[in-house]
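Next up, data-v8.pdb (PDB, C-alpha atoms):
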ATOM      1  CA  MET A1281       4.961   4.247  17.333  1.00  0.00           C
ATOM      2  CA  THR A1282       5.237   2.110  14.211  1.00  0.00           C
ATOM      3  CA  ALA A1283       2.663   2.763  11.481  1.00  0.00           C
ATOM      4  CA  TYR A1284       1.237   0.376   8.942  1.00  0.00           C
ATOM      5  CA  VAL A1285      -0.331   1.029   5.570  1.00  0.00           C
ATOM      6  CA  ILE A1286      -2.656  -1.810   4.617  1.00  0.00           C
ATOM      7  CA  ALA A1287      -3.943  -2.017   1.051  1.00  0.00           C
ATOM      8  CA  GLU A1288      -6.552  -4.154  -0.662  1.00  0.00           C
ATOM      9  CA  SER A1289      -6.362  -3.587  -4.418  1.00  0.00           C
ATOM     10  CA  ARG A1290      -7.675  -4.816  -7.733  1.00  0.00           C
ATOM     11  CA  ILE A1291      -6.325  -3.701 -11.100  1.00  0.00           C
ATOM     12  CA  LEU A1292      -9.320  -2.771 -13.242  1.00  0.00           C
ATOM     13  CA  ASP A1293      -7.694  -3.878 -16.513  1.00  0.00           C
ATOM     14  CA  ALA A1294      -5.148  -6.658 -15.981  1.00  0.00           C
ATOM     15  CA  GLU A1295      -3.728  -6.138 -19.473  1.00  0.00           C
ATOM     16  CA  SER A1296      -2.991  -2.431 -18.952  1.00  0.00           C
ATOM     17  CA  GLY A1297       0.367  -2.856 -17.231  1.00  0.00           C
ATOM     18  CA  ALA A1298      -0.867  -0.662 -14.368  1.00  0.00           C
ATOM     19  CA  LEU A1299       0.439  -2.969 -11.661  1.00  0.00           C
ATOM     20  CA  THR A1300       3.951  -2.988 -13.097  1.00  0.00           C
ATOM     21  CA  ARG A1301       3.951   0.797 -13.454  1.00  0.00           C
ATOM     22  CA  TYR A1302       2.578   1.232  -9.931  1.00  0.00           C
ATOM     23  CA  VAL A1303       5.223  -1.035  -8.367  1.00  0.00           C
ATOM     24  CA  GLU A1304       8.063   0.664 -10.283  1.00  0.00           C
ATOM     25  CA  ILE A1305       7.097   3.985  -8.706  1.00  0.00           C
ATOM     26  CA  ALA A1306       5.765   2.906  -5.317  1.00  0.00           C
ATOM     27  CA  LEU A1307       8.600   0.650  -4.111  1.00  0.00           C
ATOM     28  CA  PRO A1308      11.408   3.222  -4.377  1.00  0.00           C
ATOM     29  CA  SER A1309       9.156   5.874  -2.830  1.00  0.00           C
ATOM     30  CA  ILE A1310       8.375   3.622   0.130  1.00  0.00           C
ATOM     31  CA  SER A1311      12.082   3.073   0.775  1.00  0.00           C
ATOM     32  CA  ARG A1312      12.815   6.795   0.467  1.00  0.00           C
ATOM     33  CA  TYR A1313      10.400   7.445   3.346  1.00  0.00           C
ATOM     34  CA  ASP A1314      11.906   4.710   5.545  1.00  0.00           C
ATOM     35  CA  GLY A1315       9.151   2.219   4.820  1.00  0.00           C
ATOM     36  CA  ARG A1316       9.331  -1.431   3.943  1.00  0.00           C
ATOM     37  CA  VAL A1317       6.870  -3.889   2.472  1.00  0.00           C
ATOM     38  CA  ILE A1318       6.399  -6.595   5.080  1.00  0.00           C
ATOM     39  CA  ALA A1319       3.726  -8.630   3.276  1.00  0.00           C
ATOM     40  CA  SER A1320       2.080  -8.716  -0.120  1.00  0.00           C
ATOM     41  CA  GLY A1321       0.400 -11.285  -2.237  1.00  0.00           C
ATOM     42  CA  GLY A1322      -2.231 -12.271  -4.673  1.00  0.00           C
ATOM     43  CA  SER A1323      -4.687 -14.905  -3.477  1.00  0.00           C
ATOM     44  CA  PRO A1324      -5.103 -14.986   0.279  1.00  0.00           C
ATOM     45  CA  GLU A1325      -6.866 -17.897   1.950  1.00  0.00           C
ATOM     46  CA  VAL A1326      -9.983 -16.520   3.615  1.00  0.00           C
ATOM     47  CA  ALA A1327     -10.544 -17.970   7.085  1.00  0.00           C
ATOM     48  CA  GLU A1328     -13.416 -15.644   8.011  1.00  0.00           C
ATOM     49  CA  GLY A1329     -15.445 -12.988   6.239  1.00  0.00           C
ATOM     50  CA  HIS A1330     -15.500 -12.156   2.548  1.00  0.00           C
ATOM     51  CA  TRP A1331     -12.641 -11.422   0.166  1.00  0.00           C
ATOM     52  CA  GLU A1332     -13.442 -10.172  -3.316  1.00  0.00           C
ATOM     53  CA  PRO A1333     -12.016 -12.346  -6.110  1.00  0.00           C
ATOM     54  CA  GLY A1334      -9.060 -10.715  -7.825  1.00  0.00           C
ATOM     55  CA  MET A1335      -8.089  -8.594  -4.823  1.00  0.00           C
ATOM     56  CA  THR A1336      -4.450  -8.423  -3.771  1.00  0.00           C
ATOM     57  CA  PHE A1337      -3.036  -7.079  -0.538  1.00  0.00           C
ATOM     58  CA  ALA A1338       0.021  -5.353   0.835  1.00  0.00           C
ATOM     59  CA  VAL A1339       1.202  -4.300   4.277  1.00  0.00           C
ATOM     60  CA  VAL A1340       3.842  -1.588   4.473  1.00  0.00           C
ATOM     61  CA  GLU A1341       5.581  -0.619   7.709  1.00  0.00           C
ATOM     62  CA  PHE A1342       6.820   2.915   8.456  1.00  0.00           C
ATOM     63  CA  PRO A1343       8.659   4.044  11.594  1.00  0.00           C
ATOM     64  CA  THR A1344       5.920   6.578  12.433  1.00  0.00           C
ATOM     65  CA  MET A1345       2.495   7.701  11.258  1.00  0.00           C
ATOM     66  CA  ASP A1346       3.995  11.050  10.268  1.00  0.00           C
ATOM     67  CA  ARG A1347       6.464   9.274   7.993  1.00  0.00           C
ATOM     68  CA  ALA A1348       3.661   7.201   6.414  1.00  0.00           C
ATOM     69  CA  ARG A1349       1.654  10.376   5.735  1.00  0.00           C
ATOM     70  CA  GLU A1350       4.712  12.126   4.300  1.00  0.00           C
ATOM     71  CA  TRP A1351       5.186   9.194   1.915  1.00  0.00           C
ATOM     72  CA  TYR A1352       1.524   9.162   0.843  1.00  0.00           C
ATOM     73  CA  HIS A1353       1.540  12.884   0.046  1.00  0.00           C
ATOM     74  CA  SER A1354       5.055  12.924  -1.424  1.00  0.00           C
ATOM     75  CA  PRO A1355       6.029  13.917  -4.966  1.00  0.00           C
ATOM     76  CA  GLU A1356       7.861  10.578  -5.246  1.00  0.00           C
ATOM     77  CA  TYR A1357       4.610   8.641  -4.720  1.00  0.00           C
ATOM     78  CA  ALA A1358       2.362  10.983  -6.747  1.00  0.00           C
ATOM     79  CA  GLY A1359       2.633   9.017 -10.007  1.00  0.00           C
ATOM     80  CA  ALA A1360       1.749   5.744  -8.284  1.00  0.00           C
ATOM     81  CA  LEU A1361      -1.148   7.415  -6.489  1.00  0.00           C
ATOM     82  CA  GLU A1362      -2.527   8.617  -9.823  1.00  0.00           C
ATOM     83  CA  ILE A1363      -2.367   5.049 -11.166  1.00  0.00           C
ATOM     84  CA  ALA A1364      -4.133   3.804  -8.034  1.00  0.00           C
ATOM     85  CA  ARG A1365      -6.883   6.401  -8.376  1.00  0.00           C
ATOM     86  CA  THR A1366      -7.543   5.800 -12.068  1.00  0.00           C
ATOM     87  CA  GLU A1367      -6.669   2.153 -12.708  1.00  0.00           C
ATOM     88  CA  MET A1368      -7.401   0.347  -9.434  1.00  0.00           C
ATOM     89  CA  SER A1369     -10.223  -0.350  -7.081  1.00  0.00           C
ATOM     90  CA  ARG A1370      -8.548   0.031  -3.718  1.00  0.00           C
ATOM     91  CA  ARG A1371      -9.035   0.371   0.008  1.00  0.00           C
ATOM     92  CA  LEU A1372      -6.084   1.875   1.910  1.00  0.00           C
ATOM     93  CA  VAL A1373      -5.878   2.000   5.710  1.00  0.00           C
ATOM     94  CA  PHE A1374      -3.273   3.677   7.929  1.00  0.00           C
ATOM     95  CA  SER A1375      -2.902   2.339  11.482  1.00  0.00           C
ATOM     96  CA  GLU A1376      -0.458   2.684  14.316  1.00  0.00           C
ATOM     97  CA  GLY A1377       0.585  -0.488  16.072  1.00  0.00           C
ATOM     98  CA  TYR A1378       3.389  -2.421  17.624  1.00  0.00           C
ATOM     99  CA  PRO A1379       5.589  -4.773  15.599  1.00  0.00           C
ATOM    100  CA  ALA A1380       4.662  -8.405  16.223  1.00  0.00           C
ATOM    101  CA  ASN A1381       8.008  -9.217  17.832  1.00  0.00           C
ATOM    102  CA  THR A1382       7.697  -6.506  20.504  1.00  0.00           C
TER     103      THR A1382
END
Rewrite the structure from the file as structure tokens, please.
Amino acid sequence: MTAYVIAESRILDAESGALTRYVEIALPSISRYDGRVIASGGSPEVAEGHWEPGMTFAVVEFPTMDRAREWYHSPEYAGALEIARTEMSRRLVFSEGYPANT
């Protein structure tokens, strides 16, 4: 079953360059583990609930949950994960699901 990694993130210091460094590491690592970014953005329109100002989001699709976990724990992603842990406020969720067009 397809797996999705859903992230809500805020860079703690916008001037630090953390986002650029994170993306430079994370994107190639996602591809290496057969993932693809299917949505990302900066300022979502909130229809219901609460969204913290300055939060961004991303949705990454992997062919399986095992592949998503392999990516998350991989040496290729380790540098990006360190940036996320030290320079971001972030919520990350893994979920299985069916692609919308199925």
message: Using all atoms listed in the file, can you tell me which of A:Ser1375, A:Thr1300, A:Ser1369, A:Ser1323 comes closest to A:Val1339?
response: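 Residue with the minimum atom-to-atom distance to A:Val1339: A:Ser1375.
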- request: Evaluate the PyMOL selection byres ((chain A and resi 1362-1364) around 12) here and jot the selected residues down as a ChimeraX atom specification.
  value: /A:1287-1293,1296-1306,1352-1353,1355-1361,1365-1372
- prompt: To one decimal place, how far is atom CA of A:Tyr1378 from atom CA of A:Arg1349 in Å?
  reply: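 About the pair atom CA of A:Tyr1378 and atom CA of A:Arg1349: they are 17.6 Å apart.
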Once 6 Å is added on each side, what centre and edge lengths in Å to one decimal does the axis-aligned box around all listed atoms of stretch 1361-1379 of chain A have, as JSON?
{"center_x": -2.3, "center_y": 1.9, "center_z": 2.5, "size_x": 27.8, "size_y": 25.4, "size_z": 42.3}
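Using the PyMOL selection byres ((chain A and resi 1319) around 12) on this structure selects A:Tyr1284, A:Val1285, A:Ile1286, A:Ala1287, A:Glu1288, A:Arg1316, A:Val1317, A:Ile1318, A:Ser1320, A:Gly1321, A:Gly1322, A:Pro1324, A:Thr1336, A:Phe1337, A:Ala1338, A:Val1339, A:Val1340, A:Glu1341.
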- prompt: What is the distance between atom CA of A:Met1345 and atom CA of A:Ala1327, in Å to one decimal?
  reply: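 Interatomic distance here is 29.1 Å.
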- request: Determine the nearest neighbour of A:Phe1342 from the options A:Asp1314, A:Leu1307, A:Met1281, A:Phe1374, counting only C-alpha atoms.
  value: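 Selected residue with least distance to A:Phe1342: A:Asp1314.
Computed from the coordinates, the atom CA of A:Glu1376 to atom CA of A:Pro1308 distance equals 22.1 Å.
You can rank A:His1330, A:Pro1379, A:Thr1282, A:Glu1325 by their closest distance to A:Asp1346 using only C-alpha atoms, and at the top of that list sits A:Thr1282.
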